[in-house]
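Enquirer: Sharing a structure, written as structure tokens. Questions coming.
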Amino acid sequence: MLSTPVISAVKAAPWSVRVSSAILVLVTAWAIVPGLFTNQDPLSGNRLEKFQPPSWAHWFGTDHLGRDVLTRVIYGTSHTILTAGLAVAVGLVVGSLVGIIAGVSGPVVDAVGMRFSDVLLALPGFLVSVWIVTAYGAGPLSVGIGVGIGSIAIFARVFRAEVMRVRALDYVEAAFLSGESRWSVVRRHIVPNAIGAVVALAVIDLSAAILAISALGYLGYSAPPPIPEWGLLVAEGRSYLATAWWLTSLPGAVILVVIVALGVVSRRVLKSNNI
């Protein structure tokens with residue numbers, strides 16, 4: 001979840017950034033090795049222990065089937081984070097390509113690329129995600145692609161702005177005048193110096209992707225039951241709010257804490273890149 005530029009930006013940071021980074025490291029560990037944090041089964045439980053409130057035995061309580069809620073949150077991390085990572089990858093790769101091509105290929109191509117991004121910006125990203133999922137079926141792949149399409153325009157505009165800023169620098173103009181090919185200049189000089197803002201944007205977009213994917217999971221568009229997924233875990237407890245508040249509140253609190261932590265770290269990355 002944390003790239004090398006992000007880790008370097010956290011060094012010598014305020015306590016809020018350090019705490020947020022620790023939270024993200026913990027969540028990353030949940031996604032990679034969930035078995036280190038719990039020895040219980042996320043899919044089956046003890047019906048004699050259903051609707052147990054939070055306790056030392058079950059920190060997040062148990063659900064209507066006696067399953068440990070914290071265990072389901074931990075095992076659901078990989079589903080949510082991987083789907084969010086797919087969404088960010090789609091937006092980053094496609095948006096960056098559009099931004100690079102628009103920034104270095106002349107006014108006609110630039111106008112076409114920006115009108116394409118304008119169309120995407122005019123469409124609410126969440127509705128685009130719902131349309132993709134409805135058209136191609138519910139599941140992590142369609143959810144990740146749908147959410148990623150909604151962020152293409154933002155990446156395209158940011159990368160285009162950075163490409164045009166770097167393109168106007170003297171050493172880049174000198175590289176063009178020396179006879180170096182356009183795409184060689186882009187690869188060697190423009191992209192490496194424009195990537196910082198995009199990395200920061202990717203961290204910000206990851207939090208938005210987690211929120212959107214959790215919302216789609218809540219609506220039943222993501223992983224099917226009984227696979228644990230953060231949005232689905234919140235949805236499963238909505239019928240028991242009066243008697244088992246922890247079923248929705250505690251998984252929802254995990255989502256909120258992760259999004260806030262990503263926001264704190266992303267602001268640090270933006271500051272370190274003077275953005």
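Letters A, B, ... go to the chains of the structure tokens in the order shown; residues in each chain start at 1; ligands are counted from 1 in the same order.
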I want to know what sits within 6 Å of Val69 (chain A), based on only C-alpha atoms, with residues of the same chain fewer than 5 positions away left out; could you give that as a list in words?

Expert: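 My reading of the contact set: Phe60, Gly61 and Thr62 of chain A.
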
Enquirer: Go ahead and save the picked residues with N, CA and C atoms, as a tab-separated table (two decimals), in the first residue's frame.

Expert:
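Once everything was written out, this is selection.tsv:
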```
chain	number	residue	atom	x	y	z
A	60	PHE	N	-14.36	-7.37	18.34
A	60	PHE	CA	-15.41	-6.70	17.57
A	60	PHE	C	-16.76	-7.42	17.72
A	61	GLY	N	-16.87	-8.33	18.67
A	61	GLY	CA	-18.09	-9.08	18.85
A	61	GLY	C	-18.26	-10.18	17.82
A	62	THR	N	-19.44	-10.79	17.82
A	62	THR	CA	-19.77	-11.83	16.85
A	62	THR	C	-21.05	-11.46	16.11
```

Enquirer: Residues within 12 Å of Leu36 (chain A), please, as a VMD selection string. Count only C-alpha atoms; anything in the same chain fewer than 4 positions from it doesn't count.

Expert: chain A and resid 26 29 to 32 40 71 74 to 75

Enquirer: So, with only C-alpha atoms as the atoms that count, which of A:Ala223, A:Ala235, A:Val90, A:Val25 lies closest to Pro251 (chain A)?

Expert: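 Checking each candidate against Pro251 (chain A), we get A:Ala235 as the closest.
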
Enquirer: Enter the distance from CA of Leu43 (chain A) to CA of Ile23 (chain A), in Å, rounded to one decimal.

Expert: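 That distance, rounded to one decimal, is 25.1 Å.
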
Enquirer: Hey, what's within 6 Å of region 119-126 of chain A if we count only C-alpha atoms and toss same-chain stuff fewer than 3 positions away? As a ChimeraX atom specification, please?

Expert: /A:116,129,150,153

Enquirer: Going by DSSP on the backbone, which bits of region 98-143 of chain A are helix (DSSP H, G or I)? Write them as a ChimeraX atom specification, please.

Expert: /A:98-104,107-122,125-136,140-143

Enquirer: May I have the residues from that selection written out with N, CA, C and O atoms, as a short mmCIF file (atom, residue, chain, number, x, y, z; two decimals), in the first residue's frame?

Expert:
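Below you can see part-v8.cif, which holds the result:
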```cif
data_model
loop_
_atom_site.label_atom_id
_atom_site.label_comp_id
_atom_site.auth_asym_id
_atom_site.auth_seq_id
_atom_site.Cartn_x
_atom_site.Cartn_y
_atom_site.Cartn_z
N VAL A 98 -3.07 9.14 -21.24
CA VAL A 98 -3.82 10.24 -21.86
C VAL A 98 -3.13 11.57 -21.58
O VAL A 98 -2.97 12.43 -22.47
N GLY A 99 -2.69 11.78 -20.33
CA GLY A 99 -2.04 13.03 -19.96
C GLY A 99 -0.73 13.24 -20.68
O GLY A 99 -0.43 14.36 -21.14
N ILE A 100 0.08 12.18 -20.80
CA ILE A 100 1.37 12.30 -21.49
C ILE A 100 1.16 12.61 -22.97
O ILE A 100 1.79 13.53 -23.52
N ILE A 101 0.27 11.85 -23.61
CA ILE A 101 0.04 12.06 -25.04
C ILE A 101 -0.52 13.45 -25.30
O ILE A 101 -0.10 14.16 -26.23
N ALA A 102 -1.47 13.89 -24.45
CA ALA A 102 -2.04 15.22 -24.63
C ALA A 102 -1.02 16.32 -24.40
O ALA A 102 -1.05 17.36 -25.06
N GLY A 103 -0.08 16.08 -23.48
CA GLY A 103 0.88 17.13 -23.14
C GLY A 103 2.01 17.31 -24.12
O GLY A 103 2.65 18.37 -24.13
N VAL A 104 2.30 16.31 -24.96
CA VAL A 104 3.47 16.41 -25.84
C VAL A 104 3.14 16.26 -27.32
O VAL A 104 4.05 16.34 -28.15
N PRO A 107 -1.52 20.69 -30.23
CA PRO A 107 -2.82 21.22 -29.79
C PRO A 107 -4.02 20.37 -30.18
O PRO A 107 -4.99 20.31 -29.42
N VAL A 108 -4.00 19.71 -31.32
CA VAL A 108 -5.16 18.93 -31.76
C VAL A 108 -5.35 17.72 -30.84
O VAL A 108 -6.44 17.47 -30.32
N VAL A 109 -4.28 16.97 -30.65
CA VAL A 109 -4.34 15.80 -29.77
C VAL A 109 -4.65 16.23 -28.35
O VAL A 109 -5.41 15.57 -27.62
N ASP A 110 -4.08 17.35 -27.93
CA ASP A 110 -4.33 17.88 -26.58
C ASP A 110 -5.82 18.19 -26.41
O ASP A 110 -6.43 17.84 -25.38
N ALA A 111 -6.41 18.82 -27.40
CA ALA A 111 -7.83 19.16 -27.31
C ALA A 111 -8.69 17.91 -27.24
O ALA A 111 -9.64 17.83 -26.45
N VAL A 112 -8.37 16.90 -28.05
CA VAL A 112 -9.13 15.66 -28.03
C VAL A 112 -9.01 14.96 -26.67
O VAL A 112 -10.01 14.51 -26.09
N GLY A 113 -7.79 14.90 -26.16
CA GLY A 113 -7.59 14.25 -24.86
C GLY A 113 -8.31 14.97 -23.74
O GLY A 113 -8.90 14.33 -22.86
N MET A 114 -8.28 16.29 -23.74
CA MET A 114 -8.96 17.04 -22.68
C MET A 114 -10.48 16.98 -22.81
O MET A 114 -11.20 17.01 -21.81
N ARG A 115 -11.00 16.92 -24.03
CA ARG A 115 -12.45 16.76 -24.17
C ARG A 115 -12.88 15.38 -23.68
O ARG A 115 -13.96 15.23 -23.11
N PHE A 116 -12.03 14.38 -23.91
CA PHE A 116 -12.31 13.05 -23.37
C PHE A 116 -12.36 13.08 -21.85
O PHE A 116 -13.26 12.50 -21.23
N SER A 117 -11.40 13.77 -21.23
CA SER A 117 -11.42 13.87 -19.77
C SER A 117 -12.60 14.70 -19.29
O SER A 117 -13.17 14.43 -18.22
N ASP A 118 -13.01 15.71 -20.06
CA ASP A 118 -14.18 16.51 -19.69
C ASP A 118 -15.44 15.66 -19.64
O ASP A 118 -16.29 15.82 -18.74
N VAL A 119 -15.57 14.75 -20.61
CA VAL A 119 -16.73 13.86 -20.62
C VAL A 119 -16.74 12.99 -19.37
O VAL A 119 -17.78 12.82 -18.72
N LEU A 120 -15.58 12.44 -19.01
CA LEU A 120 -15.51 11.60 -17.82
C LEU A 120 -15.78 12.41 -16.55
O LEU A 120 -16.42 11.92 -15.61
N LEU A 121 -15.29 13.65 -16.51
CA LEU A 121 -15.53 14.49 -15.35
C LEU A 121 -17.00 14.86 -15.21
O LEU A 121 -17.50 15.08 -14.10
N ALA A 122 -17.69 14.96 -16.35
CA ALA A 122 -19.11 15.33 -16.31
C ALA A 122 -19.98 14.19 -15.78
O ALA A 122 -21.11 14.43 -15.34
N GLY A 125 -18.58 9.65 -10.92
CA GLY A 125 -17.77 8.44 -10.89
C GLY A 125 -18.50 7.25 -10.31
O GLY A 125 -18.36 6.12 -10.79
N PHE A 126 -19.30 7.49 -9.26
CA PHE A 126 -20.00 6.38 -8.63
C PHE A 126 -21.04 5.78 -9.56
O PHE A 126 -21.21 4.55 -9.62
N LEU A 127 -21.71 6.64 -10.33
CA LEU A 127 -22.71 6.14 -11.28
C LEU A 127 -22.04 5.36 -12.41
O LEU A 127 -22.60 4.37 -12.90
N VAL A 128 -20.86 5.79 -12.83
CA VAL A 128 -20.11 5.04 -13.84
C VAL A 128 -19.78 3.66 -13.30
O VAL A 128 -19.91 2.64 -14.01
N SER A 129 -19.38 3.59 -12.04
CA SER A 129 -19.05 2.30 -11.43
C SER A 129 -20.28 1.40 -11.39
O SER A 129 -20.19 0.21 -11.72
N VAL A 130 -21.41 1.95 -10.99
CA VAL A 130 -22.64 1.16 -10.93
C VAL A 130 -23.02 0.67 -12.32
O VAL A 130 -23.45 -0.48 -12.49
N TRP A 131 -22.86 1.52 -13.33
CA TRP A 131 -23.20 1.12 -14.70
C TRP A 131 -22.31 -0.03 -15.17
O TRP A 131 -22.78 -1.01 -15.76
N ILE A 132 -21.00 0.06 -14.90
CA ILE A 132 -20.07 -0.99 -15.31
C ILE A 132 -20.42 -2.30 -14.62
O ILE A 132 -20.45 -3.38 -15.23
N VAL A 133 -20.67 -2.22 -13.31
CA VAL A 133 -20.98 -3.43 -12.56
C VAL A 133 -22.30 -4.04 -13.02
O VAL A 133 -22.44 -5.26 -13.14
N THR A 134 -23.28 -3.19 -13.30
CA THR A 134 -24.57 -3.69 -13.77
C THR A 134 -24.44 -4.34 -15.14
O THR A 134 -25.07 -5.36 -15.42
N ALA A 135 -23.60 -3.75 -16.00
CA ALA A 135 -23.47 -4.26 -17.36
C ALA A 135 -22.68 -5.57 -17.42
O ALA A 135 -23.00 -6.46 -18.21
N TYR A 136 -21.66 -5.70 -16.57
CA TYR A 136 -20.76 -6.84 -16.68
C TYR A 136 -20.82 -7.79 -15.49
O TYR A 136 -20.06 -8.75 -15.43
N PRO A 140 -15.38 -8.36 -7.84
CA PRO A 140 -14.24 -7.46 -7.60
C PRO A 140 -13.64 -6.87 -8.88
O PRO A 140 -13.24 -5.71 -8.90
N LEU A 141 -13.56 -7.67 -9.95
CA LEU A 141 -12.94 -7.19 -11.18
C LEU A 141 -13.74 -6.05 -11.80
O LEU A 141 -13.18 -4.99 -12.12
N SER A 142 -15.04 -6.25 -11.96
CA SER A 142 -15.86 -5.20 -12.56
C SER A 142 -15.95 -3.98 -11.65
O SER A 142 -15.97 -2.84 -12.13
N VAL A 143 -15.97 -4.18 -10.34
CA VAL A 143 -16.01 -3.05 -9.40
C VAL A 143 -14.71 -2.25 -9.50
O VAL A 143 -14.74 -1.01 -9.57
#
```

Enquirer: Point out the residue among A:Leu48, A:Ile149, A:Val33, A:Ala22 with the least atom-to-atom distance to Ala87 (chain A), counting only C-alpha atoms.

Expert: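 Answer, going by the shortest atom-to-atom distance: A:Ile149.
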
Enquirer: Show which residues sit within 10 Å of Trp246 (chain A), as number ranges by chain. Count only C-alpha atoms, and ignore same-chain residues fewer than 4 positions away.

Expert: A: 51-54, 59-63, 69, 234, 237, 240-241, 250-253

Enquirer: Using only C-alpha atoms, determine which residues lie at most 9 Å from Glu162 (chain A), disregarding the query and same-chain residues fewer than 6 positions distant; provide the list as a list in words.

Expert: Gly99, Gly103, Ile190, Val191, Asn193, Ala194, Ile195, Ala197 and Val198 of chain A

Enquirer: Keeping only all heavy atoms, write the selected residues as a PDB file, in the first residue's frame.

Expert:
```
ATOM      1  N   GLY A  99      -2.692  11.783 -20.332  1.00  0.00           N
ATOM      2  CA  GLY A  99      -2.041  13.032 -19.964  1.00  0.00           C
ATOM      3  C   GLY A  99      -0.731  13.243 -20.681  1.00  0.00           C
ATOM      4  O   GLY A  99      -0.430  14.359 -21.137  1.00  0.00           O
ATOM      5  N   GLY A 103      -0.076  16.084 -23.483  1.00  0.00           N
ATOM      6  CA  GLY A 103       0.878  17.129 -23.140  1.00  0.00           C
ATOM      7  C   GLY A 103       2.011  17.312 -24.123  1.00  0.00           C
ATOM      8  O   GLY A 103       2.646  18.375 -24.134  1.00  0.00           O
ATOM      9  N   ILE A 190      10.953  13.994 -19.038  1.00  0.00           N
ATOM     10  CA  ILE A 190       9.665  14.548 -18.634  1.00  0.00           C
ATOM     11  C   ILE A 190       8.978  13.674 -17.591  1.00  0.00           C
ATOM     12  O   ILE A 190       8.612  14.154 -16.505  1.00  0.00           O
ATOM     13  CB  ILE A 190       8.757  14.751 -19.868  1.00  0.00           C
ATOM     14  CG1 ILE A 190       9.368  15.820 -20.789  1.00  0.00           C
ATOM     15  CG2 ILE A 190       7.357  15.165 -19.427  1.00  0.00           C
ATOM     16  CD1 ILE A 190       8.549  16.101 -22.033  1.00  0.00           C
ATOM     17  N   VAL A 191       8.805  12.389 -17.891  1.00  0.00           N
ATOM     18  CA  VAL A 191       8.065  11.512 -16.979  1.00  0.00           C
ATOM     19  C   VAL A 191       8.722  11.413 -15.601  1.00  0.00           C
ATOM     20  O   VAL A 191       8.042  11.554 -14.582  1.00  0.00           O
ATOM     21  CB  VAL A 191       7.875  10.118 -17.609  1.00  0.00           C
ATOM     22  CG1 VAL A 191       7.302   9.142 -16.579  1.00  0.00           C
ATOM     23  CG2 VAL A 191       6.946  10.212 -18.814  1.00  0.00           C
ATOM     24  N   ASN A 193      10.372  13.522 -13.951  1.00  0.00           N
ATOM     25  CA  ASN A 193      10.227  14.770 -13.203  1.00  0.00           C
ATOM     26  C   ASN A 193       8.768  15.182 -13.006  1.00  0.00           C
ATOM     27  O   ASN A 193       8.502  16.159 -12.301  1.00  0.00           O
ATOM     28  CB  ASN A 193      10.980  15.892 -13.929  1.00  0.00           C
ATOM     29  CG  ASN A 193      12.478  15.728 -13.856  1.00  0.00           C
ATOM     30  OD1 ASN A 193      13.098  15.986 -12.835  1.00  0.00           O
ATOM     31  ND2 ASN A 193      13.069  15.255 -14.951  1.00  0.00           N
ATOM     32  N   ALA A 194       7.847  14.454 -13.629  1.00  0.00           N
ATOM     33  CA  ALA A 194       6.430  14.766 -13.469  1.00  0.00           C
ATOM     34  C   ALA A 194       5.695  13.749 -12.609  1.00  0.00           C
ATOM     35  O   ALA A 194       4.520  13.935 -12.295  1.00  0.00           O
ATOM     36  CB  ALA A 194       5.758  14.849 -14.850  1.00  0.00           C
ATOM     37  N   ILE A 195       6.396  12.682 -12.207  1.00  0.00           N
ATOM     38  CA  ILE A 195       5.721  11.565 -11.559  1.00  0.00           C
ATOM     39  C   ILE A 195       5.365  11.845 -10.100  1.00  0.00           C
ATOM     40  O   ILE A 195       4.468  11.206  -9.539  1.00  0.00           O
ATOM     41  CB  ILE A 195       6.611  10.299 -11.652  1.00  0.00           C
ATOM     42  CG1 ILE A 195       5.791   9.032 -11.401  1.00  0.00           C
ATOM     43  CG2 ILE A 195       7.769  10.389 -10.670  1.00  0.00           C
ATOM     44  CD1 ILE A 195       4.818   8.722 -12.478  1.00  0.00           C
ATOM     45  N   ALA A 197       3.797  14.318  -8.460  1.00  0.00           N
ATOM     46  CA  ALA A 197       2.420  14.716  -8.200  1.00  0.00           C
ATOM     47  C   ALA A 197       1.454  13.563  -8.428  1.00  0.00           C
ATOM     48  O   ALA A 197       0.444  13.440  -7.721  1.00  0.00           O
ATOM     49  CB  ALA A 197       2.043  15.893  -9.100  1.00  0.00           C
ATOM     50  N   VAL A 198       1.758  12.706  -9.384  1.00  0.00           N
ATOM     51  CA  VAL A 198       0.877  11.578  -9.684  1.00  0.00           C
ATOM     52  C   VAL A 198       0.929  10.538  -8.572  1.00  0.00           C
ATOM     53  O   VAL A 198      -0.085   9.923  -8.234  1.00  0.00           O
ATOM     54  CB  VAL A 198       1.248  10.961 -11.047  1.00  0.00           C
ATOM     55  CG1 VAL A 198       0.344   9.791 -11.372  1.00  0.00           C
ATOM     56  CG2 VAL A 198       1.161  12.011 -12.144  1.00  0.00           C
TER      57      VAL A 198
END
```

Enquirer: Can you pull out the residues contacting Tyr218 (chain A)? Cut-off 8 Å, using only C-alpha atoms, and skip same-chain residues under 2 positions away; I want them as JSON, numbers by chain.

Expert: {"A": [214, 215, 216, 220, 221, 231, 232, 233, 234, 235]}

Enquirer: The selected residues should be written to file as a PDB file, in the first residue's frame (atoms: all heavy atoms).

Expert:
```
ATOM      1  N   SER A 214     -16.306   0.151  -0.882  1.00  0.00           N
ATOM      2  CA  SER A 214     -17.089  -0.210   0.295  1.00  0.00           C
ATOM      3  C   SER A 214     -18.563   0.128   0.090  1.00  0.00           C
ATOM      4  O   SER A 214     -19.447  -0.639   0.494  1.00  0.00           O
ATOM      5  CB  SER A 214     -16.540   0.511   1.530  1.00  0.00           C
ATOM      6  OG  SER A 214     -15.205   0.131   1.795  1.00  0.00           O
ATOM      7  N   ALA A 215     -18.825   1.272  -0.540  1.00  0.00           N
ATOM      8  CA  ALA A 215     -20.212   1.649  -0.823  1.00  0.00           C
ATOM      9  C   ALA A 215     -20.860   0.662  -1.794  1.00  0.00           C
ATOM     10  O   ALA A 215     -22.018   0.261  -1.610  1.00  0.00           O
ATOM     11  CB  ALA A 215     -20.258   3.066  -1.388  1.00  0.00           C
ATOM     12  N   LEU A 216     -20.122   0.250  -2.826  1.00  0.00           N
ATOM     13  CA  LEU A 216     -20.660  -0.726  -3.769  1.00  0.00           C
ATOM     14  C   LEU A 216     -20.851  -2.085  -3.097  1.00  0.00           C
ATOM     15  O   LEU A 216     -21.820  -2.797  -3.378  1.00  0.00           O
ATOM     16  CB  LEU A 216     -19.722  -0.861  -4.968  1.00  0.00           C
ATOM     17  CG  LEU A 216     -19.694   0.343  -5.923  1.00  0.00           C
ATOM     18  CD1 LEU A 216     -18.536   0.230  -6.898  1.00  0.00           C
ATOM     19  CD2 LEU A 216     -21.018   0.453  -6.676  1.00  0.00           C
ATOM     20  N   GLY A 220     -24.250  -4.462  -2.455  1.00  0.00           N
ATOM     21  CA  GLY A 220     -24.290  -5.828  -2.947  1.00  0.00           C
ATOM     22  C   GLY A 220     -23.650  -6.036  -4.302  1.00  0.00           C
ATOM     23  O   GLY A 220     -23.878  -7.072  -4.938  1.00  0.00           O
ATOM     24  N   TYR A 221     -22.803  -5.085  -4.760  1.00  0.00           N
ATOM     25  CA  TYR A 221     -22.201  -5.193  -6.083  1.00  0.00           C
ATOM     26  C   TYR A 221     -20.797  -5.796  -6.067  1.00  0.00           C
ATOM     27  O   TYR A 221     -20.216  -6.011  -7.116  1.00  0.00           O
ATOM     28  CB  TYR A 221     -22.130  -3.813  -6.749  1.00  0.00           C
ATOM     29  CG  TYR A 221     -23.468  -3.275  -7.178  1.00  0.00           C
ATOM     30  CD1 TYR A 221     -23.963  -2.096  -6.631  1.00  0.00           C
ATOM     31  CD2 TYR A 221     -24.237  -3.937  -8.128  1.00  0.00           C
ATOM     32  CE1 TYR A 221     -25.195  -1.592  -7.027  1.00  0.00           C
ATOM     33  CE2 TYR A 221     -25.464  -3.440  -8.528  1.00  0.00           C
ATOM     34  CZ  TYR A 221     -25.933  -2.257  -7.973  1.00  0.00           C
ATOM     35  OH  TYR A 221     -27.146  -1.762  -8.362  1.00  0.00           O
ATOM     36  N   GLY A 231     -17.408  -3.346   2.862  1.00  0.00           N
ATOM     37  CA  GLY A 231     -18.750  -2.803   2.634  1.00  0.00           C
ATOM     38  C   GLY A 231     -19.831  -3.826   2.925  1.00  0.00           C
ATOM     39  O   GLY A 231     -20.886  -3.490   3.496  1.00  0.00           O
ATOM     40  N   LEU A 232     -19.585  -5.080   2.554  1.00  0.00           N
ATOM     41  CA  LEU A 232     -20.551  -6.144   2.812  1.00  0.00           C
ATOM     42  C   LEU A 232     -20.713  -6.382   4.308  1.00  0.00           C
ATOM     43  O   LEU A 232     -21.822  -6.652   4.787  1.00  0.00           O
ATOM     44  CB  LEU A 232     -20.102  -7.426   2.121  1.00  0.00           C
ATOM     45  CG  LEU A 232     -20.998  -8.660   2.309  1.00  0.00           C
ATOM     46  CD1 LEU A 232     -22.393  -8.396   1.747  1.00  0.00           C
ATOM     47  CD2 LEU A 232     -20.370  -9.874   1.638  1.00  0.00           C
ATOM     48  N   LEU A 233     -19.633  -6.269   5.077  1.00  0.00           N
ATOM     49  CA  LEU A 233     -19.720  -6.446   6.521  1.00  0.00           C
ATOM     50  C   LEU A 233     -20.609  -5.389   7.153  1.00  0.00           C
ATOM     51  O   LEU A 233     -21.389  -5.676   8.064  1.00  0.00           O
ATOM     52  CB  LEU A 233     -18.315  -6.382   7.142  1.00  0.00           C
ATOM     53  CG  LEU A 233     -17.358  -7.514   6.776  1.00  0.00           C
ATOM     54  CD1 LEU A 233     -16.003  -7.292   7.428  1.00  0.00           C
ATOM     55  CD2 LEU A 233     -17.925  -8.861   7.200  1.00  0.00           C
ATOM     56  N   VAL A 234     -20.503  -4.158   6.672  1.00  0.00           N
ATOM     57  CA  VAL A 234     -21.382  -3.094   7.176  1.00  0.00           C
ATOM     58  C   VAL A 234     -22.825  -3.393   6.802  1.00  0.00           C
ATOM     59  O   VAL A 234     -23.745  -3.221   7.611  1.00  0.00           O
ATOM     60  CB  VAL A 234     -20.942  -1.725   6.624  1.00  0.00           C
ATOM     61  CG1 VAL A 234     -21.915  -0.633   7.054  1.00  0.00           C
ATOM     62  CG2 VAL A 234     -19.539  -1.382   7.099  1.00  0.00           C
ATOM     63  N   ALA A 235     -23.040  -3.883   5.580  1.00  0.00           N
ATOM     64  CA  ALA A 235     -24.397  -4.175   5.124  1.00  0.00           C
ATOM     65  C   ALA A 235     -25.030  -5.320   5.901  1.00  0.00           C
ATOM     66  O   ALA A 235     -26.235  -5.307   6.173  1.00  0.00           O
ATOM     67  CB  ALA A 235     -24.385  -4.498   3.633  1.00  0.00           C
TER      68      ALA A 235
END
```

Enquirer: With distances taken over only C-alpha atoms, which of A:Lys271, A:Ile227, A:Val264, A:Phe37 is nearest to Ser16 (chain A)?

Expert: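 Residue with the minimum atom-to-atom distance to Ser16 (chain A): A:Val264.
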
Enquirer: Just the residues within 12 Å of Val19 (chain A), please, counting only C-alpha atoms, with nothing from its chain fewer than 4 positions along; format it as a PyMOL selection string.

Expert: chain A and resi 10+13-15+23-26+257-258+260-262+264-265

Enquirer: Mind dumping the selected residues with N, CA, C and O atoms as an mmCIF file, in the first residue's frame?

Expert:
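Dumped everything to result.cif:
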```
data_model
loop_
_atom_site.group_PDB
_atom_site.id
_atom_site.type_symbol
_atom_site.label_atom_id
_atom_site.label_comp_id
_atom_site.auth_asym_id
_atom_site.auth_seq_id
_atom_site.Cartn_x
_atom_site.Cartn_y
_atom_site.Cartn_z
ATOM 1 N N VAL A 10 7.458 10.109 4.963
ATOM 2 C CA VAL A 10 7.015 9.958 6.338
ATOM 3 C C VAL A 10 8.149 10.200 7.332
ATOM 4 O O VAL A 10 7.918 10.507 8.491
ATOM 5 N N ALA A 13 8.517 12.956 10.324
ATOM 6 C CA ALA A 13 7.194 13.530 10.187
ATOM 7 C C ALA A 13 6.559 13.752 11.552
ATOM 8 O O ALA A 13 6.993 13.199 12.556
ATOM 9 N N PRO A 14 5.498 14.566 11.634
ATOM 10 C CA PRO A 14 4.775 14.754 12.892
ATOM 11 C C PRO A 14 4.140 13.449 13.374
ATOM 12 O O PRO A 14 4.027 12.479 12.620
ATOM 13 N N TRP A 15 3.707 13.469 14.625
ATOM 14 C CA TRP A 15 3.164 12.242 15.218
ATOM 15 C C TRP A 15 1.947 11.748 14.464
ATOM 16 O O TRP A 15 1.733 10.536 14.360
ATOM 17 N N ILE A 23 -0.813 2.689 11.114
ATOM 18 C CA ILE A 23 -2.120 2.090 10.814
ATOM 19 C C ILE A 23 -2.106 1.456 9.434
ATOM 20 O O ILE A 23 -2.590 0.326 9.240
ATOM 21 N N LEU A 24 -1.534 2.151 8.465
ATOM 22 C CA LEU A 24 -1.502 1.626 7.100
ATOM 23 C C LEU A 24 -0.606 0.395 6.994
ATOM 24 O O LEU A 24 -0.907 -0.529 6.237
ATOM 25 N N VAL A 25 0.476 0.389 7.749
ATOM 26 C CA VAL A 25 1.336 -0.806 7.771
ATOM 27 C C VAL A 25 0.574 -1.989 8.360
ATOM 28 O O VAL A 25 0.648 -3.120 7.851
ATOM 29 N N LEU A 26 -0.179 -1.738 9.437
ATOM 30 C CA LEU A 26 -0.980 -2.801 10.053
ATOM 31 C C LEU A 26 -2.018 -3.340 9.069
ATOM 32 O O LEU A 26 -2.183 -4.564 8.924
ATOM 33 N N VAL A 257 -11.105 5.006 9.685
ATOM 34 C CA VAL A 257 -9.738 5.209 10.168
ATOM 35 C C VAL A 257 -8.727 5.049 9.026
ATOM 36 O O VAL A 257 -7.781 5.847 8.903
ATOM 37 N N VAL A 258 -8.925 4.050 8.174
ATOM 38 C CA VAL A 258 -8.001 3.838 7.054
ATOM 39 C C VAL A 258 -8.058 5.010 6.078
ATOM 40 O O VAL A 258 -7.016 5.490 5.605
ATOM 41 N N VAL A 260 -8.934 8.150 6.734
ATOM 42 C CA VAL A 260 -8.303 9.310 7.371
ATOM 43 C C VAL A 260 -6.787 9.162 7.368
ATOM 44 O O VAL A 260 -6.048 10.118 7.091
ATOM 45 N N ALA A 261 -6.286 7.960 7.663
ATOM 46 C CA ALA A 261 -4.836 7.725 7.658
ATOM 47 C C ALA A 261 -4.244 7.964 6.272
ATOM 48 O O ALA A 261 -3.172 8.581 6.140
ATOM 49 N N LEU A 262 -4.919 7.496 5.242
ATOM 50 C CA LEU A 262 -4.445 7.749 3.878
ATOM 51 C C LEU A 262 -4.451 9.246 3.569
ATOM 52 O O LEU A 262 -3.545 9.748 2.897
ATOM 53 N N VAL A 264 -4.024 11.725 5.722
ATOM 54 C CA VAL A 264 -2.902 12.353 6.437
ATOM 55 C C VAL A 264 -1.586 12.092 5.709
ATOM 56 O O VAL A 264 -0.775 13.011 5.505
ATOM 57 N N VAL A 265 -1.365 10.845 5.309
ATOM 58 C CA VAL A 265 -0.124 10.503 4.615
ATOM 59 C C VAL A 265 -0.049 11.197 3.254
ATOM 60 O O VAL A 265 1.013 11.685 2.842
#
```

Enquirer: Under the rule that only C-alpha atoms are counted, which of A:Gly148, A:Gly66, A:Pro42, A:Gly139 is the nearest residue to Ala84 (chain A)?

Expert: A:Gly148

Enquirer: For CA of Ser181 (chain A) and CA of Arg160 (chain A), determine how far apart the two atoms are, in Å to one decimal place.

Expert: 19.2 Å

Enquirer: Using only C-alpha atoms for the distances, tell me which of A:Val27, A:Leu86, A:Ala168, A:Ala156 is nearest to Val73 (chain A).

Expert: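 Closest to Val73 (chain A) of all the choices is A:Val27.
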
Enquirer: Determine the nearest neighbour of Gly144 (chain A) from the options A:Val93, A:Val158, A:Val163, A:Ala209, counting only C-alpha atoms.

Expert: A:Ala209
